[in-house]
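Printed here is query.cif (mmCIF, C-alpha atoms):
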```
data_final
#
loop_
_atom_site.label_atom_id
_atom_site.label_comp_id
_atom_site.auth_asym_id
_atom_site.auth_seq_id
_atom_site.Cartn_x
_atom_site.Cartn_y
_atom_site.Cartn_z
CA MET A 245 0.00 0.00 0.00
CA LYS A 246 1.35 3.43 -0.96
CA MET A 247 2.09 5.88 1.85
CA GLU A 248 3.27 9.47 1.77
CA ALA A 249 5.71 10.65 4.43
CA LEU A 250 4.04 13.94 5.28
CA ASN A 251 5.45 14.54 8.75
CA SER A 252 7.50 13.16 11.59
CA TRP A 253 5.60 11.24 14.26
CA ASN A 254 8.23 11.80 16.97
CA VAL A 255 7.08 15.28 17.94
CA ASN A 256 5.78 17.20 20.95
CA PRO A 257 2.19 18.51 21.17
CA GLY A 258 3.18 21.99 20.02
CA LYS A 259 4.80 20.65 16.87
CA ALA A 260 1.85 18.27 16.34
CA LYS A 261 -0.51 21.26 16.32
CA GLU A 262 1.66 23.01 13.73
CA ILE A 263 1.57 19.88 11.54
CA GLN A 264 -2.21 19.62 11.75
CA GLU A 265 -2.66 23.27 10.84
CA ARG A 266 -0.23 22.92 7.93
CA LEU A 267 -1.70 19.72 6.50
CA ARG A 268 -5.40 20.53 6.81
CA SER A 269 -5.26 22.66 3.65
CA LYS A 270 -4.45 19.48 1.71
CA ILE A 271 -7.71 17.79 2.70
CA LYS A 272 -10.22 17.40 -0.14
CA ILE A 273 -13.91 17.25 0.75
CA ILE A 274 -15.36 16.02 -2.54
CA PRO A 275 -17.89 13.43 -3.76
CA LEU A 276 -16.56 9.88 -4.08
CA ASN A 277 -15.31 9.34 -7.63
CA LYS A 278 -16.52 5.72 -7.61
CA ASN A 279 -18.31 3.25 -5.39
CA PRO A 280 -15.82 1.26 -3.33
CA GLU A 281 -15.29 -2.44 -3.91
CA LEU A 282 -13.09 -2.99 -0.86
CA ILE A 283 -13.51 -1.10 2.41
CA CYS A 284 -11.03 -1.16 5.26
CA GLY A 285 -11.83 -0.69 8.94
CA CYS A 286 -9.14 0.13 11.48
CA ASP A 287 -8.93 0.35 15.25
CA VAL A 288 -6.35 0.37 18.04
CA SER A 289 -6.19 -1.01 21.55
CA PHE A 290 -3.85 -0.28 24.44
CA GLU A 291 -2.06 -2.47 26.93
CA LYS A 292 -3.55 -2.15 30.38
CA ASN A 293 -0.99 -0.64 32.75
CA GLY A 294 1.61 -0.61 29.98
CA ASN A 295 2.86 1.31 26.98
CA LYS A 296 2.06 -1.14 24.18
CA ILE A 297 -0.36 -0.14 21.47
CA TYR A 298 -2.00 -2.64 19.12
CA ALA A 299 -3.50 -2.00 15.69
CA GLY A 300 -6.00 -4.02 13.70
CA VAL A 301 -6.94 -3.53 10.04
CA VAL A 302 -9.73 -5.51 8.36
CA VAL A 303 -10.55 -5.44 4.64
CA LEU A 304 -14.14 -6.23 3.62
CA ASP A 305 -15.82 -6.42 0.24
CA PHE A 306 -18.54 -3.87 -0.38
CA PRO A 307 -21.47 -3.87 -0.09
CA ALA A 308 -21.61 -7.53 1.06
CA LEU A 309 -19.14 -6.82 3.92
CA ASN A 310 -17.46 -10.22 3.87
CA THR A 311 -14.00 -10.27 5.43
CA VAL A 312 -11.25 -10.45 2.79
CA GLU A 313 -8.08 -9.83 4.80
CA ARG A 314 -6.93 -9.12 8.36
CA GLN A 315 -3.63 -7.62 9.49
CA TYR A 316 -2.33 -6.38 12.82
CA ALA A 317 0.73 -4.84 14.44
CA GLU A 318 2.04 -3.70 17.79
CA ALA A 319 4.45 -1.00 18.95
CA ASP A 320 5.39 1.12 21.93
CA ALA A 321 3.32 4.30 22.14
CA SER A 322 5.58 7.29 21.54
CA PHE A 323 3.01 10.09 22.00
CA PRO A 324 0.87 10.75 25.09
CA TYR A 325 -2.90 10.46 25.17
CA ILE A 326 -4.16 13.98 24.42
CA PRO A 327 -7.63 14.50 22.90
CA GLY A 328 -7.28 16.22 19.53
CA TYR A 329 -3.89 14.63 18.85
CA LEU A 330 -4.77 10.94 18.70
CA SER A 331 -3.44 10.56 15.15
CA PHE A 332 0.12 11.04 16.44
CA ARG A 333 -0.41 8.29 18.99
CA GLU A 334 -2.29 5.82 16.77
CA ILE A 335 -1.27 6.27 13.13
CA PRO A 336 2.35 5.01 13.44
CA VAL A 337 1.22 1.54 14.55
CA LEU A 338 -1.74 1.58 12.14
CA LEU A 339 0.69 2.17 9.28
CA GLN A 340 2.64 -0.93 10.33
CA ALA A 341 -0.56 -2.94 9.87
CA PHE A 342 -1.49 -1.20 6.61
CA ARG A 343 1.95 -2.04 5.15
CA LYS A 344 0.99 -5.72 5.37
CA ILE A 345 -2.27 -5.31 3.42
CA SER A 346 -2.06 -7.07 0.06
CA HIS A 347 -5.36 -5.83 -1.42
CA ASN A 348 -6.00 -2.49 -3.11
CA VAL A 349 -8.37 -0.78 -0.69
CA ASP A 350 -10.81 1.85 -1.98
CA LEU A 351 -11.93 3.51 1.27
CA ILE A 352 -11.07 3.57 4.98
CA VAL A 353 -13.50 3.76 7.89
CA CYS A 354 -11.78 4.99 11.05
CA ASP A 355 -12.84 4.68 14.67
CA GLY A 356 -12.29 8.38 15.25
CA GLN A 357 -12.97 11.87 13.98
CA GLY A 358 -12.54 13.40 10.54
CA LEU A 359 -13.42 17.10 10.17
CA ALA A 360 -15.17 16.98 13.56
CA HIS A 361 -11.99 18.10 15.29
CA PRO A 362 -10.77 21.38 16.85
CA ARG A 363 -8.54 22.02 13.83
CA ASN A 364 -10.70 20.13 11.29
CA PHE A 365 -7.96 17.51 11.06
CA GLY A 366 -8.87 14.38 12.99
CA LEU A 367 -7.41 10.91 12.67
CA ALA A 368 -9.49 10.07 9.56
CA CYS A 369 -8.19 13.20 7.80
CA HIS A 370 -4.56 12.48 8.70
CA LEU A 371 -4.71 8.78 7.82
CA GLY A 372 -6.56 9.38 4.56
CA LEU A 373 -3.99 11.97 3.54
CA VAL A 374 -1.03 9.70 4.35
CA LEU A 375 -2.54 6.78 2.43
CA GLY A 376 -4.02 8.88 -0.38
CA LEU A 377 -7.42 7.21 0.07
CA PRO A 378 -10.98 8.32 0.80
CA SER A 379 -11.56 8.11 4.52
CA VAL A 380 -14.51 8.51 6.88
CA GLY A 381 -14.46 9.10 10.61
CA CYS A 382 -17.06 7.30 12.70
CA ALA A 383 -16.60 8.23 16.35
CA LYS A 384 -18.52 6.82 19.29
CA SER A 385 -18.31 10.09 21.23
CA HIS A 386 -18.65 13.83 20.66
CA LEU A 387 -15.52 15.98 20.37
CA VAL A 388 -16.55 19.34 18.87
CA GLY A 389 -19.59 20.97 17.32
CA ASP A 390 -23.21 21.74 18.16
CA PHE A 391 -26.12 19.48 17.26
CA SER A 392 -29.68 18.56 18.03
CA ASP A 393 -30.53 15.01 18.98
CA PRO A 394 -31.55 13.02 15.89
CA GLY A 395 -34.71 10.94 15.77
CA PHE A 396 -34.75 7.60 17.53
CA LYS A 397 -34.85 5.33 14.46
CA LYS A 398 -31.86 3.86 12.62
CA GLY A 399 -30.85 6.25 9.84
CA ASP A 400 -32.14 9.39 11.55
CA PHE A 401 -29.52 12.12 11.74
CA SER A 402 -28.90 15.76 12.52
CA SER A 403 -26.23 18.21 11.38
CA LEU A 404 -23.01 18.71 13.34
CA ILE A 405 -22.06 22.40 13.23
CA PHE A 406 -18.68 23.83 14.25
CA GLN A 407 -17.55 27.42 13.73
CA GLU A 408 -20.71 28.08 11.69
CA LYS A 409 -19.92 25.26 9.24
CA LYS A 410 -21.46 21.83 8.82
CA ILE A 411 -18.65 19.37 9.49
CA GLY A 412 -20.57 16.11 9.75
CA ILE A 413 -23.68 14.43 11.06
CA VAL A 414 -24.90 12.82 14.26
CA LEU A 415 -26.35 9.49 13.20
CA ARG A 416 -28.71 7.12 14.97
CA SER A 417 -27.06 3.92 13.82
CA ARG A 418 -29.43 1.65 15.74
CA ASP A 419 -32.95 2.20 17.00
CA TYR A 420 -33.02 3.99 20.37
CA LYS A 421 -29.26 3.65 20.93
CA LYS A 422 -26.70 6.42 21.42
CA PRO A 423 -25.78 8.09 18.11
CA VAL A 424 -22.39 8.01 16.42
CA PHE A 425 -20.56 11.02 15.01
CA ILE A 426 -19.80 10.85 11.29
CA SER A 427 -17.46 13.27 9.53
CA PRO A 428 -15.52 13.05 6.26
CA GLY A 429 -11.78 12.59 6.47
CA HIS A 430 -10.39 12.97 2.95
CA MET A 431 -11.61 12.59 -0.66
CA ILE A 432 -15.25 12.19 0.36
CA ASN A 433 -18.05 14.55 1.35
CA ILE A 434 -20.68 14.45 4.10
CA ASP A 435 -23.46 12.98 1.93
CA ASP A 436 -21.27 10.12 0.71
CA SER A 437 -19.96 9.57 4.24
CA TYR A 438 -23.55 9.09 5.42
CA ARG A 439 -24.32 6.74 2.53
CA ILE A 440 -21.23 4.60 3.11
CA ILE A 441 -21.74 4.31 6.86
CA MET A 442 -25.41 3.43 6.43
CA SER A 443 -24.38 0.68 3.98
CA CYS A 444 -21.93 -0.65 6.58
CA LEU A 445 -24.43 -0.92 9.41
CA GLY A 446 -25.75 -4.29 10.47
CA LYS A 447 -27.50 -5.06 13.73
CA TYR A 448 -24.91 -3.24 15.82
CA ARG A 449 -24.39 0.43 16.71
CA ILE A 450 -20.92 0.45 15.17
CA PRO A 451 -20.38 -0.01 11.40
CA GLU A 452 -19.08 -3.41 10.42
CA PRO A 453 -15.58 -2.36 9.23
CA THR A 454 -14.59 -0.77 12.54
CA ARG A 455 -16.50 -3.37 14.56
CA GLN A 456 -14.50 -6.15 12.90
CA ALA A 457 -11.27 -4.20 13.40
CA HIS A 458 -12.15 -3.77 17.08
CA ILE A 459 -12.73 -7.52 17.47
CA LEU A 460 -9.45 -8.27 15.71
CA VAL A 461 -7.26 -5.87 17.65
CA ASN A 462 -8.61 -6.99 21.01
CA ALA A 463 -8.14 -10.65 20.07
CA PHE A 464 -4.56 -9.80 19.11
CA ARG A 465 -3.97 -7.94 22.37
CA LYS A 466 -5.39 -10.86 24.37
CA GLU A 467 -3.58 -13.45 22.21
CA ASN A 468 -6.89 -15.02 21.17
CA LEU A 469 -6.44 -14.82 17.40
CA GLY A 470 -7.22 -18.51 17.02
CA ARG A 471 -10.86 -17.75 17.75
CA LEU A 472 -11.10 -15.64 14.59
CA LYS A 473 -10.26 -18.48 12.22
#
```
What does this structure look like when you write it as structure tokens?
Amino acid sequence: MKMEALNSWNVNPGKAKEIQERLRSKIKIIPLNKNPELICGCDVSFEKNGNKIYAGVVVLDFPALNTVERQYAEADASFPYIPGYLSFREIPVLLQAFRKISHNVDLIVCDGQGLAHPRNFGLACHLGLVLGLPSVGCAKSHLVGDFSDPGFKKGDFSSLIFQEKKIGIVLRSRDYKKPVFISPGHMINIDDSYRIIMSCLGKYRIPEPTRQAHILVNAFRKENLGRLK
């Protein structure tokens, strides 16, 4: 998989902020140029009472969402946990897993924010830019922006507004459950982000690509990979 070396990962928070502000102008919020055939979900997990960080990447065909490939990696975390800077903590180990992927992926779904970020440059933006791929952020929690609660049925959504701009949507991904926060990362717009995430929803609150990545990375962390076969 192609990757562009856009920045150093061994930086302090001040330098990380400078990098985010410099790179955000490169983000393209545009309609998808084609429907994806292969979608990749990614997630990370952390060692309890330790410094290890684990990454899981799962490739699924689309729209059937059958698993095509799984890869994982581990590393020592080199950046502290600071909200708004998670890409510097998580992307280095995610890239180790992405380097092992043998398929040509068309789109990435991240367990994290895209534009819905204090500097409009969340993990999905950063990862999409590094990999040169369309990317969508699907976060389980709110980081920035104002919104009204969406309706209670799956598919209901409301706009997420930050600094007087629509940066994403708040989506009810399952009837009467807490919503998720969808925002485009790179090379995709809000409408297509909604369409893709809706197509990736099954009977769970979390879309299947990131749900499968979550299962994989926790199995890897717990050394239970045999259960996935």
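Distance check against Ile459 (chain A) using all atoms listed in the file: of A:Pro280, A:Gly300, A:Gly356, A:Gly294, the minimum falls on A:Gly300.
Against the coordinates shown, the PyMOL selection byres ((chain A and resi 406) around 10) returns A:Leu359, A:Ala360, A:His361, A:Pro362, A:Asn364, A:Val388, A:Gly389, A:Asp390, A:Phe391, A:Ser403, A:Leu404, A:Ile405, A:Gln407, A:Glu408, A:Lys409, A:Lys410, A:Ile411, A:Gly412.
Here CA of Glu334 (chain A) stands at a distance of 19.5 Å from CA of Ile450 (chain A).
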Taking the file as I've supplied it (selection: the PyMOL selection byres ((chain A and resi 270) around 10)), which residues are included? Please answer as an mmCIF file with C-alpha atoms, in the coordinates of the input.
```cif
data_model
loop_
_atom_site.group_PDB
_atom_site.id
_atom_site.type_symbol
_atom_site.label_atom_id
_atom_site.label_comp_id
_atom_site.auth_asym_id
_atom_site.auth_seq_id
_atom_site.Cartn_x
_atom_site.Cartn_y
_atom_site.Cartn_z
ATOM 1 C CA ARG A 266 -0.230 22.920 7.930
ATOM 2 C CA LEU A 267 -1.700 19.720 6.500
ATOM 3 C CA ARG A 268 -5.400 20.530 6.810
ATOM 4 C CA SER A 269 -5.260 22.660 3.650
ATOM 5 C CA ILE A 271 -7.710 17.790 2.700
ATOM 6 C CA LYS A 272 -10.220 17.400 -0.140
ATOM 7 C CA ILE A 273 -13.910 17.250 0.750
ATOM 8 C CA CYS A 369 -8.190 13.200 7.800
ATOM 9 C CA HIS A 370 -4.560 12.480 8.700
ATOM 10 C CA LEU A 373 -3.990 11.970 3.540
ATOM 11 C CA HIS A 430 -10.390 12.970 2.950
#
```
List as a PDB file with C-alpha atoms, in the coordinates of the input the protein and nucleic acid residues near Ser385 (chain A), meaning an atom at most 10 Å away when all atoms listed in the file are counted, but skip any in the same chain fewer than 4 places from it.
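Result file follows (result-v4.pdb):
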```
ATOM      1  CA  GLY A 356     -12.290   8.380  15.250  1.00  0.00           C
ATOM      2  CA  GLN A 357     -12.970  11.870  13.980  1.00  0.00           C
ATOM      3  CA  VAL A 414     -24.900  12.820  14.260  1.00  0.00           C
ATOM      4  CA  LYS A 422     -26.700   6.420  21.420  1.00  0.00           C
ATOM      5  CA  PRO A 423     -25.780   8.090  18.110  1.00  0.00           C
ATOM      6  CA  VAL A 424     -22.390   8.010  16.420  1.00  0.00           C
ATOM      7  CA  PHE A 425     -20.560  11.020  15.010  1.00  0.00           C
TER       8      PHE A 425
END
```
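Closest approach to Gly358 (chain A) among A:Gly285, A:Pro428, A:Pro324, A:Pro378 is made by A:Pro428 (distances from all atoms listed in the file).
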I need the residue set behind the PyMOL selection byres ((chain A and resi 325) around 12) for this file; please write it as a ChimeraX atom specification.
/A:256-257,290,295,297,321-324,326-334
Which residues come within 12 Å of His458 (chain A), counting only C-alpha atoms, excluding same-chain residues fewer than 2 positions away, as number ranges by chain?
A: 285-290, 298-302, 314, 316, 353-355, 450-456, 460-465
My list of candidates is A:Arg363, A:Gln315, A:Val349, A:Phe342. Which is closest to Glu265 (chain A) when distances are computed with all atoms listed in the file?
A:Arg363
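When only C-alpha atoms are used to measure the gap to Lys397 (chain A), the shortest distance among A:Asp419, A:Asp435, A:Glu313, A:Glu291 belongs to A:Asp419.
Of the residues listed (A:Lys278, A:Lys466, A:Val303, A:Leu415), A:Val303 shows the shortest atom-to-atom separation from His347 (chain A); distances use only C-alpha atoms.
Put simply, CA of Gly399 (chain A) is 17.5 Å away from CA of Asn433 (chain A).
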Just give me the gap between CA of Pro307 (chain A) and CA of Leu377 (chain A) in Å, one decimal is fine.
17.9 Å
Nearby residues (all atoms listed in the file) at most 8 Å from Gly395 (chain A), same-chain spacing under 4 positions excluded, as a PyMOL selection string
chain A and resi 400-401+416
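Nearest to Met245 (chain A) of all the residues A:Asp350, A:Glu281, A:Glu467, A:Asp436 is A:Asp350, based on all atoms listed in the file.
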